[in-house]
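**Q** This is run-v6.pdb, which holds PDB, C-alpha atoms:
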```
ATOM      1  CA  MET A   1     -15.814   2.271  -3.044
ATOM      2  CA  VAL A   2     -12.200   2.515  -1.961
ATOM      3  CA  LEU A   3     -12.070  -1.258  -1.708
ATOM      4  CA  HIS A   4     -13.489  -1.656  -5.193
ATOM      5  CA  LEU A   5     -10.889   0.725  -6.577
ATOM      6  CA  SER A   6      -8.162  -1.180  -4.724
ATOM      7  CA  VAL A   7      -9.211  -4.464  -6.312
ATOM      8  CA  LEU A   8      -9.380  -2.841  -9.739
ATOM      9  CA  LEU A   9      -5.946  -1.263  -9.323
ATOM     10  CA  ASP A  10      -4.533  -4.607  -8.161
ATOM     11  CA  ARG A  11      -5.607  -6.197 -11.428
ATOM     12  CA  VAL A  12      -4.394  -3.265 -13.489
ATOM     13  CA  PHE A  13      -0.949  -3.159 -11.893
ATOM     14  CA  HIS A  14      -0.655  -6.940 -11.983
ATOM     15  CA  ALA A  15      -1.437  -6.845 -15.722
ATOM     16  CA  LEU A  16       1.026  -4.002 -16.303
ATOM     17  CA  ALA A  17       3.831  -5.706 -14.379
ATOM     18  CA  ASP A  18       4.463  -8.094 -17.287
ATOM     19  CA  PRO A  19       6.518  -6.830 -20.269
ATOM     20  CA  THR A  20       4.645  -9.046 -22.767
ATOM     21  CA  ARG A  21       1.319  -7.619 -21.667
ATOM     22  CA  ARG A  22       2.689  -4.082 -21.822
ATOM     23  CA  ALA A  23       3.833  -4.778 -25.390
ATOM     24  CA  MET A  24       0.368  -6.122 -26.225
ATOM     25  CA  LEU A  25      -1.208  -2.974 -24.817
ATOM     26  CA  ARG A  26       1.104  -0.799 -26.892
ATOM     27  CA  SER A  27       0.043  -2.767 -29.925
ATOM     28  CA  LEU A  28      -3.632  -2.316 -29.019
ATOM     29  CA  ALA A  29      -3.037   1.397 -28.502
ATOM     30  CA  SER A  30      -2.407   1.700 -32.228
ATOM     31  CA  GLY A  31      -5.499  -0.238 -33.243
ATOM     32  CA  GLU A  32      -7.748  -3.279 -32.982
ATOM     33  CA  ARG A  33      -5.947  -6.669 -33.033
ATOM     34  CA  ASN A  34      -6.853 -10.354 -32.974
ATOM     35  CA  ILE A  35      -5.074 -12.962 -30.833
ATOM     36  CA  GLY A  36      -2.816 -14.048 -33.703
ATOM     37  CA  GLU A  37      -1.635 -10.482 -34.254
ATOM     38  CA  LEU A  38      -1.033 -10.009 -30.536
ATOM     39  CA  ALA A  39       0.903 -13.297 -30.291
ATOM     40  CA  ALA A  40       3.038 -12.853 -33.417
ATOM     41  CA  PRO A  41       5.826 -10.576 -32.079
ATOM     42  CA  HIS A  42       6.304 -12.741 -28.984
ATOM     43  CA  ARG A  43       6.881 -16.188 -30.508
ATOM     44  CA  MET A  44       4.247 -17.632 -28.247
ATOM     45  CA  SER A  45       1.413 -20.050 -28.736
ATOM     46  CA  PHE A  46      -2.116 -18.935 -29.363
ATOM     47  CA  ALA A  47      -3.042 -20.346 -25.937
ATOM     48  CA  ALA A  48      -0.291 -18.427 -24.135
ATOM     49  CA  ALA A  49      -1.239 -15.186 -25.879
ATOM     50  CA  SER A  50      -4.862 -15.845 -25.079
ATOM     51  CA  LYS A  51      -3.994 -16.169 -21.392
ATOM     52  CA  HIS A  52      -2.232 -12.797 -21.394
ATOM     53  CA  VAL A  53      -5.170 -11.189 -23.156
ATOM     54  CA  ARG A  54      -7.549 -12.566 -20.535
ATOM     55  CA  VAL A  55      -5.436 -10.896 -17.829
ATOM     56  CA  LEU A  56      -5.710  -7.609 -19.734
ATOM     57  CA  GLU A  57      -9.461  -8.125 -20.080
ATOM     58  CA  SER A  58     -10.014  -8.906 -16.402
ATOM     59  CA  ALA A  59      -8.087  -5.762 -15.500
ATOM     60  CA  GLY A  60     -10.404  -3.807 -17.758
ATOM     61  CA  LEU A  61      -7.455  -2.762 -19.927
ATOM     62  CA  ALA A  62      -8.732  -4.476 -23.072
ATOM     63  CA  ARG A  63     -12.177  -5.131 -24.485
ATOM     64  CA  ARG A  64     -13.212  -8.050 -26.698
ATOM     65  CA  ARG A  65     -15.382  -7.473 -29.744
ATOM     66  CA  ILE A  66     -16.914 -10.573 -31.302
ATOM     67  CA  ASP A  67     -17.504 -10.276 -35.012
ATOM     68  CA  GLY A  68     -18.961 -13.565 -36.203
ATOM     69  CA  ARG A  69     -16.236 -16.100 -35.418
ATOM     70  CA  ALA A  70     -13.509 -13.481 -35.109
ATOM     71  CA  HIS A  71     -12.540 -12.107 -31.735
ATOM     72  CA  LYS A  72     -10.993  -8.658 -31.932
ATOM     73  CA  PHE A  73      -9.474  -6.725 -29.067
ATOM     74  CA  GLN A  74      -9.429  -3.015 -28.349
ATOM     75  CA  ILE A  75      -7.688  -0.991 -25.689
ATOM     76  CA  GLU A  76      -9.891   0.317 -22.868
ATOM     77  CA  PRO A  77      -8.298   3.601 -21.816
ATOM     78  CA  SER A  78     -10.265   4.204 -18.594
ATOM     79  CA  ALA A  79      -8.491   1.500 -16.546
ATOM     80  CA  LEU A  80      -5.134   2.777 -17.750
ATOM     81  CA  ALA A  81      -6.219   6.275 -16.757
ATOM     82  CA  LYS A  82      -7.009   5.040 -13.219
ATOM     83  CA  ALA A  83      -3.503   3.597 -12.885
ATOM     84  CA  ASP A  84      -2.032   6.779 -14.280
ATOM     85  CA  GLU A  85      -4.056   8.862 -11.827
ATOM     86  CA  TRP A  86      -2.732   6.763  -8.945
ATOM     87  CA  LEU A  87       0.862   7.202 -10.101
ATOM     88  CA  ARG A  88       0.462  10.957 -10.730
ATOM     89  CA  PHE A  89      -0.912  11.404  -7.199
ATOM     90  CA  TYR A  90       2.260   9.902  -5.724
ATOM     91  CA  GLU A  91       4.422  11.716  -8.238
ATOM     92  CA  ARG A  92       3.063  15.037  -6.908
ATOM     93  CA  PHE A  93       3.373  13.769  -3.338
ATOM     94  CA  TRP A  94       7.049  12.774  -3.672
ATOM     95  CA  THR A  95       7.972  15.819  -5.748
ATOM     96  CA  GLU A  96       6.675  18.051  -2.949
ATOM     97  CA  LYS A  97       8.496  15.968  -0.347
ATOM     98  CA  LEU A  98      11.773  16.104  -2.259
ATOM     99  CA  ASP A  99      11.393  19.884  -2.601
ATOM    100  CA  ALA A 100      10.989  20.062   1.178
ATOM    101  CA  LEU A 101      13.990  17.763   1.760
ATOM    102  CA  GLU A 102      16.154  19.773  -0.610
ATOM    103  CA  SER A 103      15.254  23.099   1.057
ATOM    104  CA  LEU A 104      15.836  21.635   4.503
ATOM    105  CA  LEU A 105      19.280  20.267   3.606
ATOM    106  CA  LYS A 106      20.235  23.581   1.988
ATOM    107  CA  ALA A 107      19.058  25.589   4.987
ATOM    108  CA  GLU A 108      20.969  23.300   7.355
ATOM    109  CA  ASP A 109      24.131  23.522   5.255
ATOM    110  CA  LYS A 110      23.852  27.293   5.247
ATOM    111  CA  ALA A 111      23.366  27.407   9.024
ATOM    112  CA  TYR A 112      26.304  25.046   9.602
ATOM    113  CA  SER A 113      28.721  26.914   7.348
ATOM    114  CA  SER A 114      27.790  30.369   8.658
ATOM    115  CA  SER A 115      28.045  29.371  12.328
ATOM    116  CA  PRO A 116      29.679  25.956  12.696
ATOM    117  CA  ASP A 117      30.223  26.539  16.426
ATOM    118  CA  ASN A 118      26.491  26.539  17.021
ATOM    119  CA  ASN A 119      26.222  23.051  15.656
ATOM    120  CA  THR A 120      25.927  20.552  18.473
ATOM    121  CA  SER A 121      24.756  17.579  16.443
ATOM    122  CA  SER A 122      26.857  14.687  15.204
ATOM    123  CA  ARG A 123      30.383  15.034  13.870
ATOM    124  CA  LYS A 124      29.216  13.684  10.571
ATOM    125  CA  ASP A 125      26.919  16.699  10.174
ATOM    126  CA  LYS A 126      29.714  19.061  11.145
ATOM    127  CA  ASP A 127      31.987  17.519   8.546
ATOM    128  CA  ASN A 128      29.301  18.008   6.038
ATOM    129  CA  GLY A 129      28.705  21.589   7.046
ATOM    130  CA  ARG A 130      32.335  22.432   6.438
ATOM    131  CA  ARG A 131      32.072  21.562   2.826
ATOM    132  CA  LYS A 132      32.246  24.532   0.483
ATOM    133  CA  HIS A 133      29.183  25.196  -1.627
TER     134      HIS A 133
ATOM    135  CA  MET B 134       0.285   8.230 -21.039
ATOM    136  CA  ALA B 135       3.113   5.846 -21.834
ATOM    137  CA  VAL B 136       2.393   2.201 -21.058
ATOM    138  CA  GLU B 137       6.090   1.663 -20.285
ATOM    139  CA  ASN B 138       6.064   4.207 -17.463
ATOM    140  CA  ILE B 139       2.913   3.074 -15.796
ATOM    141  CA  SER B 140       3.855   0.011 -13.767
ATOM    142  CA  SER B 141       5.597   1.991 -11.010
ATOM    143  CA  LEU B 142       6.765   5.500 -10.219
ATOM    144  CA  HIS B 143      10.404   6.588 -10.481
ATOM    145  CA  LEU B 144      11.696   9.994  -9.467
ATOM    146  CA  GLN B 145      15.253  11.293  -9.325
ATOM    147  CA  ARG B 146      16.713  14.303  -7.577
ATOM    148  CA  ARG B 147      20.261  15.669  -7.399
ATOM    149  CA  LEU B 148      21.135  16.962  -3.951
ATOM    150  CA  GLU B 149      24.168  18.916  -2.798
ATOM    151  CA  SER B 150      24.608  16.926   0.419
ATOM    152  CA  SER B 151      26.602  13.731   0.917
ATOM    153  CA  PRO B 152      24.827  10.340   0.631
ATOM    154  CA  GLU B 153      25.261   9.835   4.414
ATOM    155  CA  ARG B 154      23.570  13.121   5.187
ATOM    156  CA  VAL B 155      20.730  12.476   2.710
ATOM    157  CA  PHE B 156      20.239   8.962   4.075
ATOM    158  CA  ASP B 157      20.092  10.217   7.657
ATOM    159  CA  ALA B 158      17.466  12.774   6.675
ATOM    160  CA  TRP B 159      15.195   9.766   5.975
ATOM    161  CA  VAL B 160      15.718   7.989   9.302
ATOM    162  CA  ASN B 161      16.716  10.560  11.915
ATOM    163  CA  PRO B 162      13.416  11.507  13.620
ATOM    164  CA  GLU B 163      14.565  15.073  14.328
ATOM    165  CA  THR B 164      15.129  15.638  10.604
ATOM    166  CA  VAL B 165      12.282  13.501   9.305
ATOM    167  CA  ARG B 166       9.704  15.452  11.306
ATOM    168  CA  LYS B 167      10.669  18.616   9.456
ATOM    169  CA  TRP B 168       9.932  17.409   5.955
ATOM    170  CA  LEU B 169       8.585  13.909   5.280
ATOM    171  CA  PHE B 170       4.978  14.163   6.365
ATOM    172  CA  THR B 171       4.246  17.681   7.466
ATOM    173  CA  THR B 172       3.159  21.034   6.072
ATOM    174  CA  PRO B 173       4.340  24.588   6.787
ATOM    175  CA  THR B 174       1.086  25.169   8.686
ATOM    176  CA  SER B 175       1.054  21.931  10.722
ATOM    177  CA  GLU B 176       0.410  22.528  14.418
ATOM    178  CA  SER B 177       2.520  19.663  15.715
ATOM    179  CA  ASN B 178       4.400  16.625  14.508
ATOM    180  CA  THR B 179       5.393  13.450  16.289
ATOM    181  CA  THR B 180       7.815  11.206  14.448
ATOM    182  CA  GLN B 181       8.702   7.801  15.842
ATOM    183  CA  ILE B 182      11.267   5.723  14.023
ATOM    184  CA  ASP B 183      12.694   2.305  14.744
ATOM    185  CA  ALA B 184      15.348   2.297  12.032
ATOM    186  CA  ARG B 185      16.090  -1.384  11.587
ATOM    187  CA  ALA B 186      14.717  -4.102   9.350
ATOM    188  CA  ASP B 187      11.152  -4.933  10.517
ATOM    189  CA  GLY B 188      11.205  -1.786  12.650
ATOM    190  CA  GLN B 189       8.165   0.496  12.421
ATOM    191  CA  TRP B 190       7.871   4.166  11.664
ATOM    192  CA  VAL B 191       4.922   6.406  12.344
ATOM    193  CA  ILE B 192       4.485  10.111  11.827
ATOM    194  CA  THR B 193       1.529  11.948  13.323
ATOM    195  CA  ASP B 194       1.021  15.415  11.911
ATOM    196  CA  ARG B 195      -1.669  17.732  13.302
ATOM    197  CA  ARG B 196      -3.386  20.001  10.785
ATOM    198  CA  ASP B 197      -6.375  22.165  11.717
ATOM    199  CA  GLY B 198      -6.799  20.151  14.898
ATOM    200  CA  VAL B 199      -6.863  16.793  13.106
ATOM    201  CA  ASP B 200      -4.118  14.181  13.516
ATOM    202  CA  TYR B 201      -2.991  12.629  10.233
ATOM    203  CA  LYS B 202      -0.812   9.542  10.247
ATOM    204  CA  ALA B 203       1.680   8.099   7.836
ATOM    205  CA  LEU B 204       3.264   4.802   8.792
ATOM    206  CA  GLY B 205       5.019   1.693   7.666
ATOM    207  CA  VAL B 206       7.749  -0.828   8.300
ATOM    208  CA  TYR B 207      11.381  -0.814   7.219
ATOM    209  CA  VAL B 208      12.215  -3.682   4.910
ATOM    210  CA  GLU B 209      15.860  -2.948   4.185
ATOM    211  CA  ILE B 210      18.304  -0.450   5.670
ATOM    212  CA  ASP B 211      21.713  -0.170   4.062
ATOM    213  CA  ARG B 212      23.237   3.195   4.993
ATOM    214  CA  PRO B 213      23.945   5.243   2.933
ATOM    215  CA  ARG B 214      22.969   3.413  -0.245
ATOM    216  CA  ARG B 215      19.510   2.004   0.082
ATOM    217  CA  LEU B 216      16.401   2.255   2.204
ATOM    218  CA  VAL B 217      13.260   0.211   1.575
ATOM    219  CA  PHE B 218      10.086   0.698   3.553
ATOM    220  CA  THR B 219       6.343   0.230   3.324
ATOM    221  CA  PHE B 220       4.264   3.358   3.318
ATOM    222  CA  GLY B 221       0.618   3.958   4.089
ATOM    223  CA  MET B 222      -1.703   6.808   4.950
ATOM    224  CA  PRO B 223      -4.613   4.881   6.480
ATOM    225  CA  GLN B 224      -6.953   7.898   6.674
ATOM    226  CA  PHE B 225      -6.719   8.371   2.916
ATOM    227  CA  SER B 226      -6.449   4.833   1.635
ATOM    228  CA  PRO B 227      -6.256   1.244   2.918
ATOM    229  CA  GLU B 228      -3.444   0.606   0.463
ATOM    230  CA  PHE B 229       0.231   0.317   1.203
ATOM    231  CA  ALA B 230       3.088   1.006  -1.146
ATOM    232  CA  LEU B 231       6.680  -0.114  -1.184
ATOM    233  CA  VAL B 232       9.105   2.795  -1.339
ATOM    234  CA  ILE B 233      12.695   2.197  -2.419
ATOM    235  CA  VAL B 234      15.131   5.045  -1.820
ATOM    236  CA  GLU B 235      18.518   4.674  -3.513
ATOM    237  CA  ILE B 236      21.292   7.177  -2.897
ATOM    238  CA  ALA B 237      24.448   7.284  -5.013
ATOM    239  CA  PRO B 238      27.376   9.679  -4.664
ATOM    240  CA  GLU B 239      27.518  12.221  -7.470
ATOM    241  CA  GLY B 240      30.182  14.913  -7.576
ATOM    242  CA  ASN B 241      30.130  16.639  -4.194
ATOM    243  CA  GLY B 242      26.579  15.542  -3.596
ATOM    244  CA  SER B 243      24.163  12.703  -4.202
ATOM    245  CA  LEU B 244      21.716  11.357  -6.695
ATOM    246  CA  LEU B 245      18.556  10.177  -5.002
ATOM    247  CA  THR B 246      16.168   7.801  -6.762
ATOM    248  CA  ILE B 247      12.737   6.993  -5.390
ATOM    249  CA  THR B 248      10.708   4.066  -6.638
ATOM    250  CA  HIS B 249       7.123   3.899  -5.448
ATOM    251  CA  GLU B 250       5.371   0.600  -6.134
ATOM    252  CA  ARG B 251       1.881  -0.352  -5.262
ATOM    253  CA  LEU B 252       1.627  -3.337  -2.918
ATOM    254  CA  PRO B 253      -1.211  -5.581  -4.046
ATOM    255  CA  TRP B 254      -4.337  -5.224  -1.948
ATOM    256  CA  SER B 255      -4.308  -9.021  -1.495
ATOM    257  CA  HIS B 256      -0.875  -8.636   0.113
ATOM    258  CA  VAL B 257      -2.273  -6.028   2.465
ATOM    259  CA  LYS B 258      -5.081  -8.413   3.412
ATOM    260  CA  GLU B 259      -2.626 -11.259   3.993
ATOM    261  CA  THR B 260      -0.609  -9.125   6.345
ATOM    262  CA  GLU B 261      -3.681  -7.550   7.906
ATOM    263  CA  GLN B 262      -3.111  -9.372  11.177
ATOM    264  CA  GLY B 263       0.431  -8.026  11.129
ATOM    265  CA  TRP B 264      -0.868  -4.516  10.598
ATOM    266  CA  LYS B 265      -3.462  -4.970  13.348
ATOM    267  CA  ASN B 266      -0.703  -5.966  15.747
ATOM    268  CA  MET B 267       1.256  -2.969  14.631
ATOM    269  CA  PHE B 268      -1.651  -0.589  15.172
ATOM    270  CA  THR B 269      -2.269  -2.061  18.619
ATOM    271  CA  GLN B 270       1.361  -1.480  19.519
ATOM    272  CA  LEU B 271       1.236   2.007  18.117
ATOM    273  CA  ALA B 272      -1.921   2.788  20.013
ATOM    274  CA  SER B 273      -0.263   1.775  23.268
ATOM    275  CA  VAL B 274       2.860   3.763  22.420
ATOM    276  CA  LEU B 275       0.737   6.792  21.625
ATOM    277  CA  GLY B 276      -1.464   6.271  24.670
ATOM    278  CA  GLU B 277      -4.674   6.079  22.655
TER     279      GLU B 277
END
```
Output the structure of this file as structure tokens.
**A**
Amino acid sequence: MVLHLSVLLDRVFHALADPTRRAMLRSLASGERNIGELAAPHRMSFAAASKHVRVLESAGLARRRIDGRAHKFQIEPSALAKADEWLRFYERFWTEKLDALESLLKAEDKAYSSSPDNNTSSRKDKDNGRRKH
Amino acid sequence: MAVENISSLHLQRRLESSPERVFDAWVNPETVRKWLFTTPTSESNTTQIDARADGQWVITDRRDGVDYKALGVYVEIDRPRRLVFTFGMPQFSPEFALVIVEIAPEGNGSLLTITHERLPWSHVKETEQGWKNMFTQLASVLGE
């Protein structure tokens, strides 16, 4: 399960790492497109655009709809949501950590400036503690 | 969600301490153990840090009688500007991330920027032997 998600996220983040593919996704976010429409803003060949679209498809970010001889592409929001979920998890994680770091530094500064003589750690810290806040 | 913001995570924080002091809070074990991977209710915390490129770090935090580990390897150490390390929490996920901490002076304090990027799972597999060696070393260090 975890492994499966890891492989999926690998493909999603690999697909999202490229600015052309991100632009294609933005285009798909506003509606269904064919390869020609996806290629047009990027001055690239049909084949090159097709390659990018296949990367989006294999990551589950885009879905192909075949209408007769026309291939149309749509955005598939669930894979994007998985990537977003992953990022939001670490956003919460680091926000909490930075809160803790900030409080710790403030508490240490306060302790140093109220009783600098009690500070037996490095000179660098003492210098810092002397700063006015 | 914005497609542009989804390839990696960026967070910024202004801090009132000097870049040197902020940097040291990331690598000095006595400081790290108080904030990086612990909770107010943790029962104990062991933080081991080998702060040089290719050096390992491991934090073991005990919560409700269970030891939780966070660990990784330093990739780049450039005090007080930049710190790059890998980061994993093996009990929660087999994945590792690359964390880039950049610290710039700002006024009397610092501006800290964190970038958190996912390391491809294939990369983790490629370096699996490396991680195995690391875990073996850790196990012997920790007496497990």
**Q** Select all residues from chain A having any atom no more than 9 Å from an atom of chain B (counting only C-alpha atoms, ignoring ligands), output as a PyMOL selection string.
**A** chain A and resi 2-3+6-7+9-19+22-23+25-26+80-81+83-84+87-88+90-91+94-95+97-98+100-102+104-106+109+124-125+128+131+133
**Q** Emit the selected residues as a compact mmCIF listing (two decimals), in the coordinates of the input, including C-alpha atoms.
**A**
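For reference, out24.txt as written:
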```txt
# COMPACT_ATOMS: atom_id res chain seq x y z
CA VAL A 2 -12.20 2.52 -1.96
CA LEU A 3 -12.07 -1.26 -1.71
CA SER A 6 -8.16 -1.18 -4.72
CA VAL A 7 -9.21 -4.46 -6.31
CA LEU A 9 -5.95 -1.26 -9.32
CA ASP A 10 -4.53 -4.61 -8.16
CA ARG A 11 -5.61 -6.20 -11.43
CA VAL A 12 -4.39 -3.26 -13.49
CA PHE A 13 -0.95 -3.16 -11.89
CA HIS A 14 -0.66 -6.94 -11.98
CA ALA A 15 -1.44 -6.84 -15.72
CA LEU A 16 1.03 -4.00 -16.30
CA ALA A 17 3.83 -5.71 -14.38
CA ASP A 18 4.46 -8.09 -17.29
CA PRO A 19 6.52 -6.83 -20.27
CA ARG A 22 2.69 -4.08 -21.82
CA ALA A 23 3.83 -4.78 -25.39
CA LEU A 25 -1.21 -2.97 -24.82
CA ARG A 26 1.10 -0.80 -26.89
CA LEU A 80 -5.13 2.78 -17.75
CA ALA A 81 -6.22 6.28 -16.76
CA ALA A 83 -3.50 3.60 -12.88
CA ASP A 84 -2.03 6.78 -14.28
CA LEU A 87 0.86 7.20 -10.10
CA ARG A 88 0.46 10.96 -10.73
CA TYR A 90 2.26 9.90 -5.72
CA GLU A 91 4.42 11.72 -8.24
CA TRP A 94 7.05 12.77 -3.67
CA THR A 95 7.97 15.82 -5.75
CA LYS A 97 8.50 15.97 -0.35
CA LEU A 98 11.77 16.10 -2.26
CA ALA A 100 10.99 20.06 1.18
CA LEU A 101 13.99 17.76 1.76
CA GLU A 102 16.15 19.77 -0.61
CA LEU A 104 15.84 21.64 4.50
CA LEU A 105 19.28 20.27 3.61
CA LYS A 106 20.24 23.58 1.99
CA ASP A 109 24.13 23.52 5.26
CA LYS A 124 29.22 13.68 10.57
CA ASP A 125 26.92 16.70 10.17
CA ASN A 128 29.30 18.01 6.04
CA ARG A 131 32.07 21.56 2.83
CA HIS A 133 29.18 25.20 -1.63
```
**Q** Could you tell me how far atom CA of A:Leu61 lies from atom CA of A:Gln74, in Å and to one decimal?
**A**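 For atom CA of A:Leu61 relative to atom CA of A:Gln74, the distance reads 8.7 Å.
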**Q** Please report, as lines of an AutoDock Vina configuration file, the centre and edge lengths in Å to one decimal of an axis-aligned box covering all listed atoms of stretch 71-84 of chain A with 6 Å per side.
**A**
```
center_x = -7.3
center_y = -2.7
center_z = -22.4
size_x = 22.5
size_y = 30.9
size_z = 31.0
```
**Q** Can you tell me how far atom CA of A:Glu37 sits from atom CA of A:Ser78, in Å to one decimal?
**A**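 So the answer is 23.1 Å.
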**Q** Quick one: pull the distance between atom CA of A:Ala29 and atom CA of B:Ala230, Å, one decimal.
**A**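 Computing it gives 28.0 Å between the two atoms.
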**Q** Here's the selection I'm unsure about, the PyMOL selection byres ((chain A and resi 30-32) around 8); applied to the file above, which residues does it give, as an NGL selection string?
**A** :A and (26-29 or 33-34 or 72-75)
**Q** Given the PyMOL selection byres ((chain B and resi 216-224) around 10) and the file above, list the residues it selects as number ranges by chain.
**A** B: 156, 159-160, 184, 186-192, 200-215, 225-236, 247-252
**Q** Now that the selection is made, can you save its residues with C-alpha atoms as a PDB file, keeping the file's coordinate frame?
**A**
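The result, written out as part23.pdb:
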```
ATOM      1  CA  PHE B 156      20.239   8.962   4.075  1.00  0.00           C
ATOM      2  CA  TRP B 159      15.195   9.766   5.975  1.00  0.00           C
ATOM      3  CA  VAL B 160      15.718   7.989   9.302  1.00  0.00           C
ATOM      4  CA  ALA B 184      15.348   2.297  12.032  1.00  0.00           C
ATOM      5  CA  ALA B 186      14.717  -4.102   9.350  1.00  0.00           C
ATOM      6  CA  ASP B 187      11.152  -4.933  10.517  1.00  0.00           C
ATOM      7  CA  GLY B 188      11.205  -1.786  12.650  1.00  0.00           C
ATOM      8  CA  GLN B 189       8.165   0.496  12.421  1.00  0.00           C
ATOM      9  CA  TRP B 190       7.871   4.166  11.664  1.00  0.00           C
ATOM     10  CA  VAL B 191       4.922   6.406  12.344  1.00  0.00           C
ATOM     11  CA  ILE B 192       4.485  10.111  11.827  1.00  0.00           C
ATOM     12  CA  ASP B 200      -4.118  14.181  13.516  1.00  0.00           C
ATOM     13  CA  TYR B 201      -2.991  12.629  10.233  1.00  0.00           C
ATOM     14  CA  LYS B 202      -0.812   9.542  10.247  1.00  0.00           C
ATOM     15  CA  ALA B 203       1.680   8.099   7.836  1.00  0.00           C
ATOM     16  CA  LEU B 204       3.264   4.802   8.792  1.00  0.00           C
ATOM     17  CA  GLY B 205       5.019   1.693   7.666  1.00  0.00           C
ATOM     18  CA  VAL B 206       7.749  -0.828   8.300  1.00  0.00           C
ATOM     19  CA  TYR B 207      11.381  -0.814   7.219  1.00  0.00           C
ATOM     20  CA  VAL B 208      12.215  -3.682   4.910  1.00  0.00           C
ATOM     21  CA  GLU B 209      15.860  -2.948   4.185  1.00  0.00           C
ATOM     22  CA  ILE B 210      18.304  -0.450   5.670  1.00  0.00           C
ATOM     23  CA  ASP B 211      21.713  -0.170   4.062  1.00  0.00           C
ATOM     24  CA  ARG B 212      23.237   3.195   4.993  1.00  0.00           C
ATOM     25  CA  PRO B 213      23.945   5.243   2.933  1.00  0.00           C
ATOM     26  CA  ARG B 214      22.969   3.413  -0.245  1.00  0.00           C
ATOM     27  CA  ARG B 215      19.510   2.004   0.082  1.00  0.00           C
ATOM     28  CA  PHE B 225      -6.719   8.371   2.916  1.00  0.00           C
ATOM     29  CA  SER B 226      -6.449   4.833   1.635  1.00  0.00           C
ATOM     30  CA  PRO B 227      -6.256   1.244   2.918  1.00  0.00           C
ATOM     31  CA  GLU B 228      -3.444   0.606   0.463  1.00  0.00           C
ATOM     32  CA  PHE B 229       0.231   0.317   1.203  1.00  0.00           C
ATOM     33  CA  ALA B 230       3.088   1.006  -1.146  1.00  0.00           C
ATOM     34  CA  LEU B 231       6.680  -0.114  -1.184  1.00  0.00           C
ATOM     35  CA  VAL B 232       9.105   2.795  -1.339  1.00  0.00           C
ATOM     36  CA  ILE B 233      12.695   2.197  -2.419  1.00  0.00           C
ATOM     37  CA  VAL B 234      15.131   5.045  -1.820  1.00  0.00           C
ATOM     38  CA  GLU B 235      18.518   4.674  -3.513  1.00  0.00           C
ATOM     39  CA  ILE B 236      21.292   7.177  -2.897  1.00  0.00           C
ATOM     40  CA  ILE B 247      12.737   6.993  -5.390  1.00  0.00           C
ATOM     41  CA  THR B 248      10.708   4.066  -6.638  1.00  0.00           C
ATOM     42  CA  HIS B 249       7.123   3.899  -5.448  1.00  0.00           C
ATOM     43  CA  GLU B 250       5.371   0.600  -6.134  1.00  0.00           C
ATOM     44  CA  ARG B 251       1.881  -0.352  -5.262  1.00  0.00           C
ATOM     45  CA  LEU B 252       1.627  -3.337  -2.918  1.00  0.00           C
TER      46      LEU B 252
END
```
